[in-house]
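Single-structure report; data block below.
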Amino acid sequence: MGESSKLRKYRSDHEDLNTHSRSAIIEAGQVLFLEQGIASTTMGEIAEQAGVSRVTVYRHFPECGAIAFEVYNRMLESILEATRAEVPAGVSGLDAARHCLTALFGAYPKQEAAFRFCAAFSTYYATEERSDELAEWYAAREFRGLSDACAQFFGAHLDPETSNRLMAITDAAASGLCSLAVSTPSLSKGEAQARLSNLKDFLVGILDA
(Lines give C-alpha, C1' and ligand atoms only; values in the text may rest on other atoms or scores of the structure.)
Protein backbone atom coordinates (compact mmCIF):
# COMPACT_ATOMS: atom_id res chain seq x y z
CA MET A 1 0.00 0.00 0.00
CA GLY A 2 1.41 3.41 -0.98
CA GLU A 3 1.70 6.48 1.17
CA SER A 4 -1.42 8.50 1.82
CA SER A 5 -1.56 11.89 0.13
CA LYS A 6 -1.62 13.54 3.56
CA LEU A 7 1.60 11.84 4.64
CA ARG A 8 3.26 12.66 1.31
CA LYS A 9 2.46 16.29 2.01
CA TYR A 10 4.08 16.09 5.48
CA ARG A 11 7.16 14.43 4.04
CA SER A 12 7.57 16.66 0.98
CA ASP A 13 6.70 20.02 2.50
CA HIS A 14 7.59 19.86 6.20
CA GLU A 15 10.45 17.49 6.88
CA ASP A 16 13.29 19.99 7.02
CA LEU A 17 14.95 19.25 10.38
CA ASN A 18 16.62 22.67 10.34
CA THR A 19 13.43 24.72 10.44
CA HIS A 20 13.01 26.67 13.64
CA SER A 21 9.44 25.60 14.27
CA ARG A 22 10.14 21.90 13.75
CA SER A 23 13.12 21.98 16.09
CA ALA A 24 11.06 23.86 18.69
CA ILE A 25 8.30 21.25 18.47
CA ILE A 26 10.74 18.37 18.97
CA GLU A 27 12.36 20.18 21.90
CA ALA A 28 8.95 20.82 23.46
CA GLY A 29 7.95 17.19 22.96
CA GLN A 30 11.13 16.02 24.64
CA VAL A 31 10.44 18.16 27.71
CA LEU A 32 6.80 17.11 28.03
CA PHE A 33 7.33 13.43 27.26
CA LEU A 34 9.96 13.18 29.99
CA GLU A 35 7.77 15.07 32.46
CA GLN A 36 4.41 13.37 31.90
CA GLY A 37 4.82 10.49 29.47
CA ILE A 38 4.15 10.12 25.76
CA ALA A 39 0.58 8.85 25.92
CA SER A 40 -0.41 11.62 28.38
CA THR A 41 0.87 14.46 26.21
CA THR A 42 -1.35 16.25 23.69
CA MET A 43 -0.52 18.13 20.52
CA GLY A 44 -2.02 21.25 22.09
CA GLU A 45 0.36 21.03 25.06
CA ILE A 46 3.33 20.61 22.72
CA ALA A 47 2.20 23.62 20.69
CA GLU A 48 1.95 25.74 23.83
CA GLN A 49 5.35 24.57 25.11
CA ALA A 50 6.95 25.24 21.72
CA GLY A 51 5.34 28.67 21.37
CA VAL A 52 3.67 27.80 18.06
CA SER A 53 0.11 27.19 16.94
CA ARG A 54 -1.50 23.75 16.81
CA VAL A 55 -1.81 24.22 13.06
CA THR A 56 1.97 24.55 12.84
CA VAL A 57 2.48 21.37 14.87
CA TYR A 58 0.15 19.42 12.59
CA ARG A 59 1.91 20.77 9.52
CA HIS A 60 5.07 19.01 10.69
CA PHE A 61 3.71 15.91 12.45
CA PRO A 62 0.54 13.82 12.12
CA GLU A 63 0.37 13.04 15.87
CA CYS A 64 2.33 12.86 19.13
CA GLY A 65 3.80 9.48 18.32
CA ALA A 66 5.64 10.91 15.33
CA ILE A 67 7.17 13.62 17.53
CA ALA A 68 8.10 10.97 20.10
CA PHE A 69 9.87 9.03 17.35
CA GLU A 70 11.98 12.06 16.45
CA VAL A 71 12.83 12.58 20.14
CA TYR A 72 13.74 8.88 20.38
CA ASN A 73 16.17 9.22 17.47
CA ARG A 74 17.70 12.27 19.12
CA MET A 75 18.08 10.47 22.45
CA LEU A 76 19.55 7.41 20.78
CA GLU A 77 22.16 9.44 18.95
CA SER A 78 23.02 11.23 22.19
CA ILE A 79 23.73 7.89 23.87
CA LEU A 80 25.81 6.65 20.95
CA GLU A 81 27.85 9.86 20.75
CA ALA A 82 28.59 9.74 24.47
CA THR A 83 29.53 6.06 24.21
CA ARG A 84 31.77 6.47 21.16
CA ALA A 85 33.64 9.28 22.91
CA GLU A 86 34.76 6.84 25.61
CA VAL A 87 36.25 4.21 23.26
CA PRO A 88 40.05 4.59 22.74
CA ALA A 89 41.31 4.63 19.16
CA GLY A 90 43.30 1.70 17.88
CA VAL A 91 41.82 -1.10 20.01
CA SER A 92 40.53 -4.26 18.33
CA GLY A 93 39.05 -7.68 18.97
CA LEU A 94 37.94 -8.63 22.47
CA ASP A 95 39.73 -5.63 23.95
CA ALA A 96 37.67 -3.34 21.72
CA ALA A 97 34.46 -5.15 22.73
CA ARG A 98 35.33 -4.69 26.40
CA HIS A 99 35.97 -0.97 25.87
CA CYS A 100 32.68 -0.65 23.96
CA LEU A 101 30.67 -2.26 26.74
CA THR A 102 32.45 -0.29 29.46
CA ALA A 103 31.87 2.91 27.47
CA LEU A 104 28.13 2.22 27.33
CA PHE A 105 28.05 2.06 31.13
CA GLY A 106 30.31 5.07 31.39
CA ALA A 107 27.85 7.10 29.33
CA TYR A 108 24.92 6.20 31.56
CA PRO A 109 25.26 8.80 34.38
CA LYS A 110 24.94 11.76 32.00
CA GLN A 111 22.50 9.97 29.69
CA GLU A 112 20.07 8.63 32.29
CA ALA A 113 17.16 10.68 30.93
CA ALA A 114 17.88 9.42 27.42
CA PHE A 115 17.85 5.80 28.61
CA ARG A 116 14.61 6.44 30.47
CA PHE A 117 13.01 7.91 27.39
CA CYS A 118 14.19 5.00 25.22
CA ALA A 119 12.50 2.64 27.66
CA ALA A 120 9.31 4.68 27.62
CA PHE A 121 9.29 4.91 23.85
CA SER A 122 9.82 1.17 23.43
CA THR A 123 6.81 0.53 25.67
CA TYR A 124 4.74 3.12 23.82
CA TYR A 125 5.72 1.75 20.43
CA ALA A 126 4.82 -1.80 21.48
CA THR A 127 1.53 -1.10 23.26
CA GLU A 128 -0.15 1.97 21.81
CA GLU A 129 -2.59 1.65 18.94
CA ARG A 130 -1.13 3.46 15.96
CA SER A 131 -3.02 5.12 13.14
CA ASP A 132 -2.29 4.19 9.53
CA GLU A 133 -0.45 7.47 9.07
CA LEU A 134 1.75 6.89 12.09
CA ALA A 135 2.49 3.34 10.96
CA GLU A 136 3.64 4.80 7.65
CA TRP A 137 5.71 7.40 9.51
CA TYR A 138 7.58 4.62 11.33
CA ALA A 139 7.91 2.43 8.24
CA ALA A 140 9.39 5.31 6.24
CA ARG A 141 12.35 5.40 8.64
CA GLU A 142 14.80 2.77 9.81
CA PHE A 143 13.54 1.87 13.27
CA ARG A 144 16.30 0.50 15.47
CA GLY A 145 16.14 -0.34 19.11
CA LEU A 146 18.77 0.99 21.50
CA SER A 147 20.63 -2.30 21.82
CA ASP A 148 20.56 -2.90 18.05
CA ALA A 149 21.91 0.56 17.31
CA CYS A 150 24.77 0.24 19.82
CA ALA A 151 25.66 -3.30 18.81
CA GLN A 152 25.51 -2.60 15.08
CA PHE A 153 27.77 0.42 15.40
CA PHE A 154 30.41 -1.20 17.59
CA GLY A 155 30.07 -4.64 16.02
CA ALA A 156 31.11 -3.21 12.67
CA HIS A 157 34.61 -2.70 14.08
CA LEU A 158 35.08 -6.26 15.35
CA ASP A 159 35.66 -9.74 13.97
CA PRO A 160 32.41 -11.73 13.45
CA GLU A 161 32.72 -13.95 16.53
CA THR A 162 33.52 -11.08 18.89
CA SER A 163 30.85 -8.94 17.23
CA ASN A 164 28.18 -11.58 17.82
CA ARG A 165 29.16 -11.89 21.47
CA LEU A 166 29.09 -8.12 21.92
CA MET A 167 25.69 -7.80 20.24
CA ALA A 168 24.12 -10.33 22.59
CA ILE A 169 25.67 -8.73 25.67
CA THR A 170 24.88 -5.20 24.48
CA ASP A 171 21.24 -6.22 24.19
CA ALA A 172 21.29 -7.26 27.85
CA ALA A 173 23.18 -4.09 28.82
CA ALA A 174 20.78 -1.77 27.01
CA SER A 175 17.76 -3.51 28.52
CA GLY A 176 19.31 -3.39 31.97
CA LEU A 177 20.26 0.28 31.70
CA CYS A 178 16.81 1.25 30.44
CA SER A 179 15.21 -0.66 33.33
CA LEU A 180 17.58 1.00 35.79
CA ALA A 181 16.75 4.44 34.39
CA VAL A 182 13.04 3.78 34.90
CA SER A 183 13.68 2.60 38.48
CA THR A 184 16.18 5.30 39.47
CA PRO A 185 13.63 7.89 40.72
CA SER A 186 12.53 5.42 43.40
CA LEU A 187 16.08 4.44 44.41
CA SER A 188 18.64 6.17 46.58
CA LYS A 189 21.80 7.36 44.87
CA GLY A 190 23.75 4.58 46.53
CA GLU A 191 21.28 1.91 45.44
CA ALA A 192 21.32 3.14 41.85
CA GLN A 193 25.11 3.20 41.74
CA ALA A 194 25.31 -0.29 43.23
CA ARG A 195 22.90 -1.68 40.63
CA LEU A 196 24.82 0.01 37.83
CA SER A 197 28.14 -1.38 39.08
CA ASN A 198 26.75 -4.89 39.57
CA LEU A 199 25.22 -4.97 36.09
CA LYS A 200 28.46 -3.76 34.53
CA ASP A 201 30.61 -6.29 36.40
CA PHE A 202 28.22 -9.11 35.51
CA LEU A 203 28.13 -8.38 31.78
CA VAL A 204 31.83 -7.60 31.41
CA GLY A 205 32.45 -10.89 33.22
CA ILE A 206 30.33 -12.73 30.66
CA LEU A 207 32.21 -11.05 27.82
CA ASP A 208 35.55 -12.14 29.29
CA ALA A 209 34.43 -15.69 30.08
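Labels used: A, B, ... for chains in the order of the C-alpha coordinates, numbers from 1 for residues in each chain, and numbers from 1 for ligands as shown.
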
Just the residues within 10 Å of A:Tyr138, please, counting only C-alpha atoms, with nothing from its chain fewer than 3 positions along; format it as an MDAnalysis selection string.
-> chainID A and resid 65:66 69 125 130 133:135 141:143

Give me the residues of stretch 48-113 of chain A that have any atom at most 10 Å from an atom of stretch 182-203 of chain A; for each, the nearest atom pair and the distance in Å, rounded to one decimal. Use only C-alpha atoms, sort by chain and number, and format it as JSON lines.
```
{"residue": "A:Arg98", "atom": "CA", "partner": "A:Leu203", "partner_atom": "CA", "distance": 9.7}
{"residue": "A:Leu101", "atom": "CA", "partner": "A:Lys200", "partner_atom": "CA", "distance": 8.2}
{"residue": "A:Thr102", "atom": "CA", "partner": "A:Lys200", "partner_atom": "CA", "distance": 7.3}
{"residue": "A:Leu104", "atom": "CA", "partner": "A:Lys200", "partner_atom": "CA", "distance": 9.4}
{"residue": "A:Phe105", "atom": "CA", "partner": "A:Lys200", "partner_atom": "CA", "distance": 6.7}
{"residue": "A:Gly106", "atom": "CA", "partner": "A:Lys200", "partner_atom": "CA", "distance": 9.6}
{"residue": "A:Tyr108", "atom": "CA", "partner": "A:Leu196", "partner_atom": "CA", "distance": 8.8}
{"residue": "A:Pro109", "atom": "CA", "partner": "A:Gln193", "partner_atom": "CA", "distance": 9.2}
{"residue": "A:Glu112", "atom": "CA", "partner": "A:Thr184", "partner_atom": "CA", "distance": 8.8}
{"residue": "A:Ala113", "atom": "CA", "partner": "A:Val182", "partner_atom": "CA", "distance": 9.0}
```

Generate the output file for the selected residues, N, CA, C and O atoms, as a PDB file, in the first residue's frame.
```
ATOM      1  N   ARG A  98      35.355  -5.047  24.972  1.00  0.00           N
ATOM      2  CA  ARG A  98      35.326  -4.691  26.396  1.00  0.00           C
ATOM      3  C   ARG A  98      35.235  -3.181  26.571  1.00  0.00           C
ATOM      4  O   ARG A  98      34.467  -2.681  27.397  1.00  0.00           O
ATOM      5  N   LEU A 101      31.653  -1.988  25.694  1.00  0.00           N
ATOM      6  CA  LEU A 101      30.674  -2.263  26.740  1.00  0.00           C
ATOM      7  C   LEU A 101      30.890  -1.343  27.942  1.00  0.00           C
ATOM      8  O   LEU A 101      29.934  -0.784  28.493  1.00  0.00           O
ATOM      9  N   THR A 102      32.140  -1.172  28.330  1.00  0.00           N
ATOM     10  CA  THR A 102      32.452  -0.293  29.456  1.00  0.00           C
ATOM     11  C   THR A 102      32.039   1.147  29.143  1.00  0.00           C
ATOM     12  O   THR A 102      31.531   1.874  30.002  1.00  0.00           O
ATOM     13  N   LEU A 104      29.585   2.096  27.238  1.00  0.00           N
ATOM     14  CA  LEU A 104      28.130   2.222  27.332  1.00  0.00           C
ATOM     15  C   LEU A 104      27.718   2.507  28.770  1.00  0.00           C
ATOM     16  O   LEU A 104      26.873   3.368  29.029  1.00  0.00           O
ATOM     17  N   PHE A 105      28.347   1.807  29.714  1.00  0.00           N
ATOM     18  CA  PHE A 105      28.045   2.055  31.127  1.00  0.00           C
ATOM     19  C   PHE A 105      28.599   3.403  31.579  1.00  0.00           C
ATOM     20  O   PHE A 105      27.984   4.090  32.397  1.00  0.00           O
ATOM     21  N   GLY A 106      29.739   3.784  31.031  1.00  0.00           N
ATOM     22  CA  GLY A 106      30.315   5.072  31.388  1.00  0.00           C
ATOM     23  C   GLY A 106      29.453   6.240  30.935  1.00  0.00           C
ATOM     24  O   GLY A 106      29.452   7.305  31.559  1.00  0.00           O
ATOM     25  N   TYR A 108      26.230   6.224  30.900  1.00  0.00           N
ATOM     26  CA  TYR A 108      24.915   6.201  31.563  1.00  0.00           C
ATOM     27  C   TYR A 108      24.662   7.389  32.502  1.00  0.00           C
ATOM     28  O   TYR A 108      23.577   7.985  32.434  1.00  0.00           O
ATOM     29  N   PRO A 109      25.587   7.740  33.410  1.00  0.00           N
ATOM     30  CA  PRO A 109      25.258   8.799  34.384  1.00  0.00           C
ATOM     31  C   PRO A 109      24.748  10.094  33.754  1.00  0.00           C
ATOM     32  O   PRO A 109      23.804  10.705  34.259  1.00  0.00           O
ATOM     33  N   GLU A 112      21.153   9.353  31.614  1.00  0.00           N
ATOM     34  CA  GLU A 112      20.072   8.627  32.295  1.00  0.00           C
ATOM     35  C   GLU A 112      18.693   8.982  31.719  1.00  0.00           C
ATOM     36  O   GLU A 112      17.859   8.105  31.483  1.00  0.00           O
ATOM     37  N   ALA A 113      18.458  10.271  31.473  1.00  0.00           N
ATOM     38  CA  ALA A 113      17.165  10.681  30.927  1.00  0.00           C
ATOM     39  C   ALA A 113      16.940  10.088  29.544  1.00  0.00           C
ATOM     40  O   ALA A 113      15.822   9.700  29.191  1.00  0.00           O
TER      41      ALA A 113
END
```

Which is closest to A:Ser21 among A:Cys150, A:Leu158, A:Ala47, A:Leu76, if we use only C-alpha atoms?
->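 For A:Ser21, the nearest of the candidates is A:Ala47.
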
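What separates atom CA of A:Gly29 from atom CA of A:Ile46 is a distance of 5.8 Å.
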
Find the distance between atom CA of A:Glu35 and atom CA of A:Ala85 and write it in Å to one decimal.
-> 28.2 Å

Please provide as an MDAnalysis selection string all residues within 12 Å of A:Leu207, with the sequence filter that same-chain residues fewer than 4 positions apart are discarded (counting only C-alpha atoms).
-> chainID A and resid 93:102 161:170 172:173 200:203

Quick one, how far is atom CA of A:Phe154 from atom CA of A:Phe33?
-> 29.0 Å

Of A:His157, A:Ala120, A:Val31, A:Val71, the one sitting nearest A:Gly90 when using only C-alpha atoms is A:His157

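Nearest to A:Val55 of all the residues A:Ile79, A:Ile25, A:Ala89, A:Ala209 is A:Ile25, based on only C-alpha atoms.
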